[in-house]
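Engineer: CSV, C-alpha atoms and all ligand atoms, file coords-v8.csv:
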chain,number,residue,atom,x,y,z
O,28,MET,CA,0.0,0.0,0.0
O,29,THR,CA,1.3,3.4,-0.9
O,30,THR,CA,2.2,5.7,2.0
O,31,THR,CA,2.1,9.0,0.2
O,32,LEU,CA,-0.8,10.9,-1.3
O,33,HIS,CA,-1.2,11.6,-4.9
O,34,PRO,CA,0.7,14.8,-5.8
O,35,LEU,CA,-2.5,16.4,-7.1
O,36,LEU,CA,-3.7,16.3,-3.5
O,37,SER,CA,-0.5,16.8,-1.5
O,38,GLY,CA,0.6,19.7,-3.9
O,39,ARG,CA,-2.7,21.6,-3.8
O,40,TRP,CA,-2.9,24.6,-1.5
O,41,SER,CA,-4.9,27.8,-1.4
O,42,THR,CA,-2.6,30.6,-2.5
O,43,ARG,CA,-3.4,34.3,-2.3
O,44,ALA,CA,-0.6,35.3,-4.6
O,45,PHE,CA,-2.2,35.3,-8.1
O,46,ASP,CA,-0.5,36.6,-11.2
O,47,ARG,CA,-2.6,39.6,-12.2
O,48,ASN,CA,-1.3,39.4,-15.8
O,49,HIS,CA,-2.2,35.8,-16.4
O,50,VAL,CA,-5.1,35.1,-18.7
O,51,LEU,CA,-7.0,31.8,-18.9
O,52,ALA,CA,-7.6,30.4,-22.3
O,53,ASP,CA,-11.2,29.5,-23.1
O,54,GLY,CA,-10.2,25.8,-23.4
O,55,GLU,CA,-8.7,25.9,-19.9
O,56,ILE,CA,-11.9,27.2,-18.4
O,57,VAL,CA,-14.0,24.7,-20.3
O,58,ARG,CA,-11.8,21.8,-19.0
O,59,LEU,CA,-12.3,23.0,-15.4
O,60,LEU,CA,-16.1,23.2,-16.0
O,61,GLU,CA,-16.0,19.7,-17.5
O,62,ALA,CA,-14.3,18.4,-14.4
O,63,ALA,CA,-17.1,19.9,-12.3
O,64,ARG,CA,-19.7,18.5,-14.6
O,65,TRP,CA,-18.5,15.0,-14.2
O,66,ALA,CA,-18.7,15.0,-10.4
O,67,PRO,CA,-21.0,12.4,-8.9
O,68,SER,CA,-24.4,13.5,-7.4
O,69,ALA,CA,-27.4,12.1,-5.6
O,70,GLY,CA,-29.6,10.4,-8.2
O,71,ASN,CA,-27.4,12.1,-10.8
O,72,SER,CA,-29.3,15.3,-10.1
O,73,GLN,CA,-26.3,17.5,-10.9
O,74,PRO,CA,-27.5,20.4,-8.8
O,75,TRP,CA,-24.4,22.5,-9.2
O,76,ARG,CA,-24.8,25.8,-11.0
O,77,ILE,CA,-21.6,27.6,-12.0
O,78,GLY,CA,-20.9,31.2,-13.0
O,79,VAL,CA,-17.6,32.3,-14.5
O,80,ALA,CA,-16.4,35.8,-14.4
O,81,VAL,CA,-13.2,36.6,-16.2
O,82,ARG,CA,-11.0,39.4,-15.0
O,83,GLY,CA,-11.7,42.6,-17.0
O,84,THR,CA,-15.4,42.0,-17.3
O,85,ALA,CA,-18.3,43.8,-15.6
O,86,GLU,CA,-19.3,40.5,-13.9
O,87,HIS,CA,-15.8,40.1,-12.5
O,88,ALA,CA,-15.8,43.6,-11.1
O,89,ALA,CA,-19.2,43.0,-9.5
O,90,LEU,CA,-18.1,39.7,-8.0
O,91,VAL,CA,-14.9,41.3,-6.6
O,92,ASP,CA,-17.2,43.9,-5.0
O,93,ALA,CA,-19.3,41.1,-3.5
O,94,LEU,CA,-16.3,39.6,-1.8
O,95,ALA,CA,-15.4,40.2,1.9
O,96,PRO,CA,-12.7,43.0,1.9
O,97,GLY,CA,-10.1,40.5,3.2
O,98,ASN,CA,-10.7,38.4,0.1
O,99,ALA,CA,-11.2,41.2,-2.4
O,100,VAL,CA,-7.7,42.5,-1.7
O,101,TRP,CA,-6.0,39.5,-3.3
O,102,ALA,CA,-8.6,37.5,-5.2
O,103,GLY,CA,-9.2,40.2,-7.9
O,104,ALA,CA,-5.8,39.5,-9.3
O,105,ALA,CA,-6.8,35.9,-10.3
O,106,ALA,CA,-7.6,35.4,-14.0
O,107,ALA,CA,-11.2,34.3,-13.1
O,108,LEU,CA,-13.6,34.1,-10.3
O,109,VAL,CA,-16.0,31.1,-10.4
O,110,LEU,CA,-19.2,31.1,-8.4
O,111,VAL,CA,-20.5,27.6,-7.4
O,112,ALA,CA,-24.1,27.4,-6.4
O,113,ALA,CA,-26.5,24.6,-5.5
O,114,GLN,CA,-30.0,24.4,-6.9
O,115,TYR,CA,-31.5,22.9,-3.8
O,116,VAL,CA,-35.1,22.9,-5.1
O,117,GLY,CA,-35.5,20.7,-8.2
O,118,ASP,CA,-37.5,21.7,-11.2
O,119,ASP,CA,-40.3,19.4,-9.8
O,120,GLY,CA,-40.4,21.5,-6.6
O,121,ALA,CA,-38.8,18.8,-4.4
O,122,VAL,CA,-36.0,19.8,-2.0
O,123,ARG,CA,-32.8,18.1,-2.9
O,124,GLN,CA,-31.3,16.9,0.3
O,125,TRP,CA,-27.7,16.5,-1.0
O,126,ALA,CA,-27.6,19.5,-3.3
O,127,GLU,CA,-24.9,21.3,-1.4
O,128,TYR,CA,-22.9,18.1,-0.8
O,129,ASP,CA,-23.0,17.5,-4.5
O,130,ALA,CA,-22.0,21.0,-5.4
O,131,GLY,CA,-19.0,20.7,-3.0
O,132,GLN,CA,-17.9,17.6,-4.9
O,133,ALA,CA,-18.1,19.5,-8.2
O,134,ALA,CA,-15.9,22.3,-6.6
O,135,ALA,CA,-13.4,19.6,-5.5
O,136,HIS,CA,-13.3,18.1,-9.0
O,137,LEU,CA,-12.6,21.5,-10.4
O,138,SER,CA,-9.8,22.1,-7.9
O,139,VAL,CA,-8.1,18.8,-8.6
O,140,GLN,CA,-8.3,19.4,-12.4
O,141,ALA,CA,-6.9,22.9,-11.9
O,142,GLU,CA,-3.9,21.4,-10.0
O,143,ALA,CA,-3.4,18.9,-12.8
O,144,ASP,CA,-3.4,21.8,-15.3
O,145,GLY,CA,-0.8,23.8,-13.3
O,146,LEU,CA,-3.3,26.3,-12.1
O,147,ALA,CA,-4.0,27.5,-8.6
O,148,VAL,CA,-7.4,27.9,-7.0
O,149,HIS,CA,-8.6,29.4,-3.7
O,150,GLN,CA,-12.1,28.8,-2.5
O,151,MET,CA,-13.9,31.6,-0.6
O,152,GLY,CA,-17.0,31.5,1.5
O,153,GLY,CA,-16.4,35.2,2.5
O,154,PHE,CA,-18.8,37.0,0.1
O,155,ASP,CA,-22.2,38.7,0.1
O,156,ALA,CA,-24.6,36.0,-1.1
O,157,ASP,CA,-27.2,38.5,-2.4
O,158,ARG,CA,-24.8,40.5,-4.4
O,159,ALA,CA,-23.0,37.4,-5.8
O,160,SER,CA,-26.4,35.9,-6.7
O,161,ALA,CA,-27.3,39.1,-8.5
O,162,VAL,CA,-24.2,38.9,-10.7
O,163,PHE,CA,-25.5,35.7,-12.3
O,164,GLU,CA,-29.2,36.2,-11.6
O,165,LEU,CA,-29.5,33.0,-9.6
O,166,PRO,CA,-33.1,31.8,-9.5
O,167,GLU,CA,-35.1,31.0,-6.4
O,168,GLY,CA,-34.1,27.8,-4.8
O,169,THR,CA,-30.5,28.2,-5.8
O,170,ARG,CA,-27.9,29.1,-3.1
O,171,PRO,CA,-24.5,30.5,-3.8
O,172,LEU,CA,-21.9,28.5,-1.9
O,173,VAL,CA,-18.4,29.5,-2.8
O,174,VAL,CA,-16.4,31.9,-5.0
O,175,ILE,CA,-13.3,30.2,-6.4
O,176,ALA,CA,-10.3,32.3,-7.5
O,177,VAL,CA,-8.7,30.6,-10.4
O,178,GLY,CA,-5.4,31.5,-12.0
O,179,ARG,CA,-1.7,31.1,-11.9
O,180,ARG,CA,0.4,31.6,-8.8
O,181,ASP,CA,2.9,34.4,-8.9
O,182,PRO,CA,5.7,33.5,-6.5
O,183,ASP,CA,7.0,37.1,-6.7
O,184,ALA,CA,3.6,38.7,-5.8
O,185,VAL,CA,3.9,41.1,-2.9
O,186,LEU,CA,1.2,40.6,-0.3
O,187,PRO,CA,0.5,42.9,2.6
O,188,GLU,CA,0.5,41.5,6.1
O,189,PRO,CA,-1.1,39.4,7.5
O,190,LEU,CA,-1.6,37.8,4.1
O,191,ALA,CA,2.1,37.4,3.4
O,192,ALA,CA,2.5,35.4,6.7
O,193,ARG,CA,-0.5,33.2,5.9
O,194,GLU,CA,0.9,32.6,2.4
O,195,ASN,CA,4.1,31.2,3.8
O,196,ALA,CA,2.6,29.3,6.8
O,197,PRO,CA,2.8,25.5,6.7
O,198,ARG,CA,-0.5,23.7,5.8
O,199,THR,CA,-1.9,22.0,8.8
O,200,ARG,CA,-4.6,19.4,9.4
O,201,MET,CA,-6.1,17.6,12.3
O,202,SER,CA,-4.6,14.1,12.9
O,203,LEU,CA,-6.4,11.0,11.8
O,204,ASP,CA,-6.9,10.2,15.5
O,205,GLU,CA,-9.1,13.3,15.7
O,206,ILE,CA,-11.2,12.7,12.6
O,207,VAL,CA,-11.5,8.9,12.3
O,208,LEU,CA,-14.3,7.5,14.5
O,209,ALA,CA,-13.7,4.5,16.6
O,210,PRO,CA,-12.9,1.7,16.0
O,211,ALA,CA,-10.0,3.3,14.2
O,212,PRO,CA,-7.6,1.3,11.9
O,213,THR,CA,-4.4,0.5,13.8
O,214,ALA,CA,-2.1,2.2,11.3
O,215,LEU,CA,-2.8,4.5,8.4
O,216,PRO,CA,0.7,5.8,7.6
O,217,LEU,CA,-0.4,8.4,5.0
O,218,SER,CA,1.5,11.6,4.9
O,219,ALA,CA,0.9,14.7,2.8
O,301,LIG,C1,-16.0,26.5,1.8
O,301,LIG,C2,-14.7,27.2,1.9
O,301,LIG,C3,-14.7,28.5,2.3
O,301,LIG,C4,-13.5,29.2,2.4
O,301,LIG,N1,-13.5,30.6,2.6
O,301,LIG,C5,-12.3,31.2,2.6
O,301,LIG,C6,-12.3,32.7,2.6
O,301,LIG,O1,-13.4,33.3,2.7
O,301,LIG,N2,-11.1,33.3,2.6
O,301,LIG,C7,-9.9,32.6,2.5
O,301,LIG,O2,-8.9,33.3,2.4
O,301,LIG,N3,-9.9,31.3,2.4
O,301,LIG,C8,-11.1,30.6,2.4
O,301,LIG,N4,-11.1,29.2,2.3
O,301,LIG,C9,-9.8,28.5,2.2
O,301,LIG,C10,-9.4,27.7,3.4
O,301,LIG,O3,-9.1,28.7,4.4
O,301,LIG,C11,-8.3,26.7,3.1
O,301,LIG,O4,-8.8,25.8,2.2
O,301,LIG,C12,-7.9,26.0,4.4
O,301,LIG,O5,-7.3,26.9,5.3
O,301,LIG,C13,-6.9,24.9,4.1
O,301,LIG,O6,-5.8,25.4,3.4
O,301,LIG,P1,-5.3,24.8,2.0
O,301,LIG,O7,-6.4,24.9,1.0
O,301,LIG,O8,-4.1,25.6,1.6
O,301,LIG,O9,-4.9,23.4,2.3
O,301,LIG,C14,-12.2,28.5,2.2
O,301,LIG,C15,-12.3,27.2,1.9
O,301,LIG,C16,-13.5,26.5,1.7
O,301,LIG,C17,-13.5,25.0,1.3
What is this structure when it is put down as structure tokens?
Structural biologist:
Amino acid sequence: MTTTLHPLLSGRWSTRAFDRNHVLADGEIVRLLEAARWAPSAGNSQPWRIGVAVRGTAEHAALVDALAPGNAVWAGAAAALVLVAAQYVGDDGAVRQWAEYDAGQAAAHLSVQAEADGLAVHQMGGFDADRASAVFELPEGTRPLVVIAVGRRDPDAVLPEPLAARENAPRTRMSLDEIVLAPAPTALPLSA
């Protein structure tokens, strides 16, 4: 059994240092959307709804404005901002119990594909839901969940404190002992 994680997982992290000159090709954006599209979902309901705002557009500016100030200061530099929402009421009027779970899986798919494509992503829950919804005219029964900054990391980007310190801080996680419910396996020697 392998003892290390796949590099697509161990190498991914949420940078705040985006290259403000980097532009995403249309094909790169479509590949990320395809990755989200192929996520599993309850009953194959596919409740994720996704808005893409490319830097330089009115939608992008409006989405940056909807971000919490602590996010807007760095996220606007990314080539695109992607809003992931969950349509939690189906077209038949029934509430979809797993809509948000499913949309989260779509976001995870997108994140791993981005890592495979040499791109960086940073998910943000810090935004004004009403304003973000207005950018893409989300219908009733659809809840915005996360805005994802997508772009290329700029290792030379200058970040103000405390963002610079956070950028260089080691990634941490709870131990398996803390998250695995008893009875726990005796040894799971996975390391990131
Ligand atoms: C749903 C969600 C909301 C998040 N919201 C924010 C946010 O508003 N601002 C921020 O800087 N990071 C945000 N993050 C990023 C997390 O802080 C980050 O994923 C976590 O600290 C682990 O770091 P890593 O992704 O580098 O491993 C969010 C992540 C998720 C999944």
Engineer: Around (-36.7, 29.9, -5.0) in the file's own coordinates, what residues are found within 12 Å if you use only C-alpha atoms, given back as a list in words?
Structural biologist: Ala113, Gln114, Tyr115, Val116, Gly117, Asp118, Gly120, Ala121, Val122, Glu164, Leu165, Pro166, Glu167, Gly168, Thr169 and Arg170 of chain O
Engineer: Distance atom CA of O:Glu188-atom CA of O:Val109, one decimal place?
Structural biologist: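 The value is 25.5 Å.
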Engineer: O:Val81, O:Ala44, O:Ala161, O:Ala143: which is nearest ligand LIG 301 (chain O), counting all atoms listed in the file?
Structural biologist: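 For ligand LIG 301 (chain O), the nearest of the candidates is O:Ala44.
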Engineer: When you draw a straight line from atom CA of O:Val177 to atom CA of O:Ser68, how long is it in Å?
Structural biologist: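 Interatomic distance, atom CA of O:Val177 to atom CA of O:Ser68: 23.4 Å.
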Engineer: Using all atoms listed in the file, can you tell me which of O:Ala209, O:Val174, O:Leu190, O:Leu146 comes closest to O:Val100?
Structural biologist: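 Of the candidates, the smallest distance to O:Val100 is held by O:Leu190.
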Engineer: Residues contacting ligand LIG 301 (chain O) - anything with an atom at most 9 Å away, using all atoms listed in the file - can you give me those as a VMD selection string?
Structural biologist: chain O and resid 37 39 to 43 94 to 95 97 to 98 101 to 102 131 134 to 135 148 to 154 172 to 175 190 194 197 to 200
Engineer: So which residues are close to (-17.6, 36.5, -12.5), meaning at most 8 Å away in the file's coordinates with only C-alpha atoms counted, and can you show them as a ChimeraX atom specification?
Structural biologist: /O:78-82,84-90,107-110,162-163
Engineer: Give me, as a list of chain:residue names, all polymer residues having an atom no more than 7 Å from O:Ala156, counting all atoms listed in the file and skipping those fewer than 3 positions away in the same chain.
Structural biologist: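 Answer for this query is O:Ala159, O:Ser160, O:Pro171.
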Engineer: Can you work out the spacing between atom CA of O:Val139 and atom CA of O:Ala184 in Å, to one decimal?
Structural biologist: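 Separating atom CA of O:Val139 from atom CA of O:Ala184 is a distance of 23.3 Å.
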Engineer: Using only C-alpha atoms, tabulate the residues of stretch 124-189 of chain O lying at most 10 Å from any atom of stretch 32-36 of chain O, each with its closest atom pair and that distance in Å to one decimal, by chain and increasing residue number, as JSON lines.
Structural biologist:
{"residue": "O:Ser138", "atom": "CA", "partner": "O:Leu35", "partner_atom": "CA", "distance": 9.3}
{"residue": "O:Val139", "atom": "CA", "partner": "O:Leu35", "partner_atom": "CA", "distance": 6.3}
{"residue": "O:Gln140", "atom": "CA", "partner": "O:Leu35", "partner_atom": "CA", "distance": 8.4}
{"residue": "O:Ala141", "atom": "CA", "partner": "O:Leu35", "partner_atom": "CA", "distance": 9.2}
{"residue": "O:Glu142", "atom": "CA", "partner": "O:Leu35", "partner_atom": "CA", "distance": 5.9}
{"residue": "O:Ala143", "atom": "CA", "partner": "O:Leu35", "partner_atom": "CA", "distance": 6.3}
{"residue": "O:Asp144", "atom": "CA", "partner": "O:Leu35", "partner_atom": "CA", "distance": 9.9}
{"residue": "O:Gly145", "atom": "CA", "partner": "O:Leu35", "partner_atom": "CA", "distance": 9.8}
Engineer: Which residues, written as a PyMOL selection string, have at least one atom at most 6 Å from O:Ala130, with only C-alpha atoms counted and residues fewer than 2 positions away on the same chain left out?
Structural biologist: chain O and resi 75+113+127-128+132-133
Engineer: I'd like the contact shell of stretch 55-59 of chain O - 7 Å cut-off, only C-alpha atoms, skipping same-chain residues fewer than 2 positions apart - returned as JSON, numbers by chain.
Structural biologist: {"O": [51, 52, 53, 61, 62, 63, 137, 140, 141]}
Engineer: Hey, which of O:Arg47, O:Arg158, O:Arg64, O:Arg193 ends up closest to O:Ala106? Count all atoms listed in the file.
Structural biologist: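 Checking each candidate against O:Ala106, we get O:Arg47 as the closest.
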Engineer: Fix up stretch 136-163 of chain O with N, CA and C atoms, then write it as a tab-separated table (two decimals), keeping the file's coordinate frame.
Structural biologist:
chain	number	residue	atom	x	y	z
O	136	HIS	N	-13.76	18.56	-7.64
O	136	HIS	CA	-13.30	18.10	-9.00
O	136	HIS	C	-12.59	19.19	-9.70
O	137	LEU	N	-13.21	20.37	-9.71
O	137	LEU	CA	-12.60	21.50	-10.40
O	137	LEU	C	-11.23	21.82	-9.83
O	138	SER	N	-11.12	21.75	-8.51
O	138	SER	CA	-9.80	22.10	-7.90
O	138	SER	C	-8.75	21.10	-8.24
O	139	VAL	N	-9.08	19.83	-8.28
O	139	VAL	CA	-8.10	18.80	-8.60
O	139	VAL	C	-7.65	18.96	-10.08
O	140	GLN	N	-8.63	19.21	-10.96
O	140	GLN	CA	-8.30	19.40	-12.40
O	140	GLN	C	-7.40	20.62	-12.54
O	141	ALA	N	-7.70	21.69	-11.80
O	141	ALA	CA	-6.90	22.90	-11.90
O	141	ALA	C	-5.42	22.57	-11.48
O	142	GLU	N	-5.26	21.80	-10.42
O	142	GLU	CA	-3.90	21.40	-10.00
O	142	GLU	C	-3.22	20.61	-11.07
O	143	ALA	N	-3.95	19.72	-11.71
O	143	ALA	CA	-3.40	18.90	-12.80
O	143	ALA	C	-2.97	19.79	-13.97
O	144	ASP	N	-3.68	20.91	-14.14
O	144	ASP	CA	-3.40	21.80	-15.30
O	144	ASP	C	-2.38	22.88	-14.92
O	145	GLY	N	-1.79	22.78	-13.74
O	145	GLY	CA	-0.80	23.80	-13.30
O	145	GLY	C	-1.39	25.10	-12.91
O	146	LEU	N	-2.67	25.06	-12.57
O	146	LEU	CA	-3.30	26.30	-12.10
O	146	LEU	C	-3.52	26.25	-10.61
O	147	ALA	N	-3.76	27.42	-10.04
O	147	ALA	CA	-4.00	27.50	-8.60
O	147	ALA	C	-5.45	27.96	-8.39
O	148	VAL	N	-6.07	27.42	-7.35
O	148	VAL	CA	-7.40	27.90	-7.00
O	148	VAL	C	-7.46	28.17	-5.50
O	149	HIS	N	-8.36	29.06	-5.14
O	149	HIS	CA	-8.60	29.40	-3.70
O	149	HIS	C	-10.07	29.61	-3.53
O	150	GLN	N	-10.70	28.73	-2.77
O	150	GLN	CA	-12.10	28.80	-2.50
O	150	GLN	C	-12.40	29.86	-1.44
O	151	MET	N	-13.51	30.57	-1.59
O	151	MET	CA	-13.90	31.60	-0.60
O	151	MET	C	-15.37	31.51	-0.24
O	152	GLY	N	-15.61	31.42	1.06
O	152	GLY	CA	-17.00	31.50	1.50
O	152	GLY	C	-17.29	32.95	1.99
O	153	GLY	N	-16.27	33.79	2.03
O	153	GLY	CA	-16.40	35.20	2.50
O	153	GLY	C	-16.89	36.07	1.36
O	154	PHE	N	-18.20	36.11	1.15
O	154	PHE	CA	-18.80	37.00	0.10
O	154	PHE	C	-20.23	37.27	0.49
O	155	ASP	N	-20.76	38.34	-0.09
O	155	ASP	CA	-22.20	38.70	0.10
O	155	ASP	C	-23.03	37.86	-0.82
O	156	ALA	N	-23.86	36.99	-0.25
O	156	ALA	CA	-24.60	36.00	-1.10
O	156	ALA	C	-25.59	36.74	-2.00
O	157	ASP	N	-26.25	37.78	-1.53
O	157	ASP	CA	-27.20	38.50	-2.40
O	157	ASP	C	-26.58	39.13	-3.58
O	158	ARG	N	-25.45	39.78	-3.30
O	158	ARG	CA	-24.80	40.50	-4.40
O	158	ARG	C	-24.17	39.49	-5.39
O	159	ALA	N	-23.60	38.41	-4.88
O	159	ALA	CA	-23.00	37.40	-5.80
O	159	ALA	C	-24.15	36.75	-6.61
O	160	SER	N	-25.29	36.51	-5.98
O	160	SER	CA	-26.40	35.90	-6.70
O	160	SER	C	-26.88	36.84	-7.82
O	161	ALA	N	-26.87	38.14	-7.54
O	161	ALA	CA	-27.30	39.10	-8.50
O	161	ALA	C	-26.45	39.12	-9.77
O	162	VAL	N	-25.16	38.89	-9.58
O	162	VAL	CA	-24.20	38.90	-10.70
O	162	VAL	C	-24.66	37.92	-11.79
O	163	PHE	N	-25.10	36.74	-11.33
O	163	PHE	CA	-25.50	35.70	-12.30
O	163	PHE	C	-26.98	35.42	-12.30
